[in-house]
Amino acid sequence: MKTALKPALKTKEIEEIVNYLRKLAPSFFAKHMHGASEGEIAQVEAASGASMSKNHREFLKFMGATPIGRLNPFLKDRGFSVKRLLAFYADIHEEGERLPPNVVLFSTPEHTENT
């Protein structure tokens with residue numbers, strides 16, 4: 001059975017952060033920050049085997065299609081993209097590893113992603 005973790009940030013706080021970043025450097029973030037679709041978010045949830053909090057889903061709607069490194073120097077070398085998260089889950093599943101129950105990866109530190 002899937003259960004959601006308690007959110008670290010509220011949806012309003014996520015929106016405030018995103019809006020702050022967009023005001024800080026409007027053209028930069030308009031060009032580099034992209035959201036994921038509901039279908040892509042559902043794929044991450046399925047790969048993790050756990051339900052995401054509403055707030056994590058909202059975060060991915062704002063940033064879940066943003067390639068790693070694209071938000072440097074604001075969010076240095078963090079991968080929030082659905083593609084990177086799915087690749088991570090595929091790698092650990094292939095190696096026979098699992099994250100602890102009810103844990104959904106938020107980002108990856110790798111800086112080798114090109115997409």
# chains A, B, ... in the order shown; residues from 1 in each chain; ligands from 1
>>> residues_around(residues="A:Ile41", least_positions_apart="4", cutoff="8 Å", atoms="only C-alpha atoms", output="list in words")
Ala36, Ser37, Glu45, Arg57, Leu60, Lys61, Gly64 and Val82 of chain A
>>> write_last_selection(atoms="C-alpha atoms", output="compact mmCIF listing (two decimals), in the first residue's frame")
# COMPACT_ATOMS: atom_id res chain seq x y z
CA ALA A 36 6.62 18.05 -15.73
CA SER A 37 3.25 16.69 -16.83
CA GLU A 45 5.56 7.73 -8.35
CA ARG A 57 3.87 16.88 -7.11
CA LEU A 60 7.57 18.81 -10.14
CA LYS A 61 4.81 20.63 -12.01
CA GLY A 64 10.18 18.52 -13.13
CA VAL A 82 11.59 13.45 -14.17
>>> residues_around(residues="A:Leu105", least_positions_apart="6", cutoff="12 Å", atoms="only C-alpha atoms", output="PyMOL selection string")
chain A and resi 5+41+44-45+47-53+56-57+60+78-82+84-89+92+98-99
>>> closest_residue(among="A:Thr66, A:Asn19, A:Thr11, A:Ser107", to="A:His34", atoms="only C-alpha atoms")
A:Thr66
>>> closest_residue(among="A:Pro73, A:Asn55, A:Lys10, A:Lys83", to="A:Phe29", atoms="only C-alpha atoms")
A:Pro73
>>> closest_residue(among="A:Asn102, A:Met33, A:Ala46, A:Glu95", to="A:Gly69", atoms="only C-alpha atoms")
A:Met33
>>> closest_residue(among="A:His93, A:Lys54, A:Pro67, A:Asn72", to="A:Lys12", atoms="only C-alpha atoms")
A:Lys54
>>> closest_residue(among="A:Glu38, A:Gln43, A:Glu15, A:Leu21", to="A:Phe59", atoms="only C-alpha atoms")
A:Glu15
>>> select_by_dssp(residues="chain A", states="alpha helix (DSSP H)", output="NGL selection string")
:A and (11-24 or 26-32 or 38-48 or 54-63 or 82-94)
>>> write_last_selection(atoms="C-alpha atoms", output="mmCIF file, in the first residue's frame")
data_model
loop_
_atom_site.group_PDB
_atom_site.id
_atom_site.type_symbol
_atom_site.label_atom_id
_atom_site.label_comp_id
_atom_site.auth_asym_id
_atom_site.auth_seq_id
_atom_site.Cartn_x
_atom_site.Cartn_y
_atom_site.Cartn_z
ATOM 1 C CA THR A 11 2.224 24.311 -1.942
ATOM 2 C CA LYS A 12 2.008 28.044 -1.270
ATOM 3 C CA GLU A 13 5.669 28.073 -0.179
ATOM 4 C CA ILE A 14 6.715 26.252 -3.347
ATOM 5 C CA GLU A 15 4.791 28.770 -5.431
ATOM 6 C CA GLU A 16 6.438 31.616 -3.505
ATOM 7 C CA ILE A 17 9.917 30.204 -4.158
ATOM 8 C CA VAL A 18 9.203 29.707 -7.851
ATOM 9 C CA ASN A 19 7.692 33.195 -8.132
ATOM 10 C CA TYR A 20 10.695 34.664 -6.310
ATOM 11 C CA LEU A 21 13.086 32.967 -8.719
ATOM 12 C CA ARG A 22 11.034 34.114 -11.711
ATOM 13 C CA LYS A 23 11.136 37.716 -10.438
ATOM 14 C CA LEU A 24 14.840 37.488 -9.619
ATOM 15 C CA PRO A 26 12.697 36.496 -15.370
ATOM 16 C CA SER A 27 14.252 35.691 -18.727
ATOM 17 C CA PHE A 28 16.691 33.178 -17.225
ATOM 18 C CA PHE A 29 13.986 31.164 -15.472
ATOM 19 C CA ALA A 30 11.522 31.453 -18.337
ATOM 20 C CA LYS A 31 14.159 29.884 -20.562
ATOM 21 C CA HIS A 32 15.535 27.253 -18.167
ATOM 22 C CA GLU A 38 0.900 14.699 -14.586
ATOM 23 C CA GLY A 39 1.791 11.591 -16.587
ATOM 24 C CA GLU A 40 5.514 12.076 -16.030
ATOM 25 C CA ILE A 41 4.958 12.664 -12.326
ATOM 26 C CA ALA A 42 2.871 9.476 -12.145
ATOM 27 C CA GLN A 43 5.779 7.570 -13.730
ATOM 28 C CA VAL A 44 8.126 8.693 -10.951
ATOM 29 C CA GLU A 45 5.563 7.733 -8.354
ATOM 30 C CA ALA A 46 5.177 4.287 -9.929
ATOM 31 C CA ALA A 47 8.956 3.820 -10.143
ATOM 32 C CA SER A 48 9.411 4.787 -6.494
ATOM 33 C CA LYS A 54 0.741 16.963 -3.029
ATOM 34 C CA ASN A 55 3.536 19.469 -2.521
ATOM 35 C CA HIS A 56 6.187 17.303 -4.156
ATOM 36 C CA ARG A 57 3.867 16.877 -7.112
ATOM 37 C CA GLU A 58 3.386 20.659 -7.264
ATOM 38 C CA PHE A 59 7.145 21.174 -7.192
ATOM 39 C CA LEU A 60 7.572 18.805 -10.141
ATOM 40 C CA LYS A 61 4.811 20.634 -12.009
ATOM 41 C CA PHE A 62 7.009 23.727 -11.801
ATOM 42 C CA MET A 63 10.476 22.182 -12.178
ATOM 43 C CA VAL A 82 11.589 13.447 -14.173
ATOM 44 C CA LYS A 83 13.986 11.899 -16.709
ATOM 45 C CA ARG A 84 16.820 11.921 -14.166
ATOM 46 C CA LEU A 85 14.631 10.596 -11.362
ATOM 47 C CA LEU A 86 13.373 7.748 -13.563
ATOM 48 C CA ALA A 87 16.949 6.914 -14.606
ATOM 49 C CA PHE A 88 17.961 6.781 -10.948
ATOM 50 C CA TYR A 89 15.132 4.398 -10.075
ATOM 51 C CA ALA A 90 15.948 2.217 -13.094
ATOM 52 C CA ASP A 91 19.596 2.057 -11.999
ATOM 53 C CA ILE A 92 18.872 1.074 -8.416
ATOM 54 C CA HIS A 93 16.202 -1.447 -9.437
ATOM 55 C CA GLU A 94 18.642 -2.995 -11.916
#
>>> decode(residues="stretch 21-53 of chain A", atoms="N, CA and C atoms", output="compact mmCIF listing (two decimals), in the first residue's frame")
# COMPACT_ATOMS: atom_id res chain seq x y z
N LEU A 21 12.05 33.24 -7.72
CA LEU A 21 13.09 32.97 -8.72
C LEU A 21 12.74 33.61 -10.06
N ARG A 22 11.46 33.52 -10.44
CA ARG A 22 11.03 34.11 -11.71
C ARG A 22 11.17 35.64 -11.70
N LYS A 23 10.96 36.27 -10.54
CA LYS A 23 11.14 37.72 -10.44
C LYS A 23 12.61 38.09 -10.37
N LEU A 24 13.42 37.24 -9.77
CA LEU A 24 14.84 37.49 -9.62
C LEU A 24 15.54 37.59 -10.97
N ALA A 25 15.21 36.68 -11.85
CA ALA A 25 15.83 36.65 -13.18
C ALA A 25 14.79 36.13 -14.17
N PRO A 26 13.84 36.96 -14.56
CA PRO A 26 12.70 36.50 -15.37
C PRO A 26 13.07 35.77 -16.65
N SER A 27 13.95 36.34 -17.45
CA SER A 27 14.25 35.69 -18.73
C SER A 27 15.04 34.40 -18.52
N PHE A 28 15.91 34.38 -17.52
CA PHE A 28 16.69 33.18 -17.23
C PHE A 28 15.77 32.02 -16.87
N PHE A 29 14.86 32.25 -15.92
CA PHE A 29 13.99 31.16 -15.47
C PHE A 29 12.92 30.81 -16.49
N ALA A 30 12.47 31.77 -17.27
CA ALA A 30 11.52 31.45 -18.34
C ALA A 30 12.16 30.52 -19.36
N LYS A 31 13.44 30.71 -19.59
CA LYS A 31 14.16 29.88 -20.56
C LYS A 31 14.56 28.52 -20.00
N HIS A 32 14.91 28.46 -18.72
CA HIS A 32 15.53 27.25 -18.17
C HIS A 32 14.66 26.40 -17.25
N MET A 33 13.61 26.94 -16.66
CA MET A 33 12.81 26.18 -15.71
C MET A 33 11.54 25.69 -16.37
N HIS A 34 11.35 24.38 -16.38
CA HIS A 34 10.20 23.77 -17.05
C HIS A 34 9.55 22.72 -16.16
N GLY A 35 8.25 22.64 -16.21
CA GLY A 35 7.51 21.71 -15.38
C GLY A 35 7.24 20.38 -16.07
N ALA A 36 6.95 19.39 -15.25
CA ALA A 36 6.62 18.05 -15.73
C ALA A 36 5.11 17.90 -15.84
N SER A 37 4.67 16.98 -16.67
CA SER A 37 3.25 16.69 -16.83
C SER A 37 2.78 15.75 -15.72
N GLU A 38 1.47 15.65 -15.55
CA GLU A 38 0.90 14.70 -14.59
C GLU A 38 1.33 13.27 -14.90
N GLY A 39 1.37 12.94 -16.19
CA GLY A 39 1.79 11.59 -16.59
C GLY A 39 3.23 11.30 -16.21
N GLU A 40 4.10 12.26 -16.40
CA GLU A 40 5.51 12.08 -16.03
C GLU A 40 5.66 11.94 -14.52
N ILE A 41 4.91 12.74 -13.79
CA ILE A 41 4.96 12.66 -12.33
C ILE A 41 4.45 11.31 -11.86
N ALA A 42 3.40 10.80 -12.49
CA ALA A 42 2.87 9.48 -12.14
C ALA A 42 3.90 8.38 -12.41
N GLN A 43 4.73 8.55 -13.45
CA GLN A 43 5.78 7.57 -13.73
C GLN A 43 6.81 7.52 -12.60
N VAL A 44 7.18 8.67 -12.07
CA VAL A 44 8.13 8.69 -10.95
C VAL A 44 7.52 8.03 -9.73
N GLU A 45 6.26 8.33 -9.49
CA GLU A 45 5.56 7.73 -8.35
C GLU A 45 5.52 6.21 -8.49
N ALA A 46 5.22 5.73 -9.69
CA ALA A 46 5.18 4.29 -9.93
C ALA A 46 6.56 3.67 -9.76
N ALA A 47 7.59 4.34 -10.26
CA ALA A 47 8.96 3.82 -10.14
C ALA A 47 9.42 3.77 -8.70
N SER A 48 8.98 4.74 -7.89
CA SER A 48 9.41 4.79 -6.49
C SER A 48 8.65 3.79 -5.64
N GLY A 49 7.43 3.45 -6.06
CA GLY A 49 6.61 2.55 -5.27
C GLY A 49 5.95 3.24 -4.08
N ALA A 50 6.00 4.57 -4.05
CA ALA A 50 5.41 5.33 -2.95
C ALA A 50 4.64 6.52 -3.52
N SER A 51 3.64 6.95 -2.79
CA SER A 51 2.89 8.13 -3.21
C SER A 51 3.65 9.39 -2.84
N MET A 52 3.66 10.35 -3.73
CA MET A 52 4.27 11.64 -3.44
C MET A 52 3.27 12.51 -2.71
N SER A 53 3.81 13.41 -1.93
CA SER A 53 2.94 14.40 -1.30
C SER A 53 2.41 15.33 -2.39
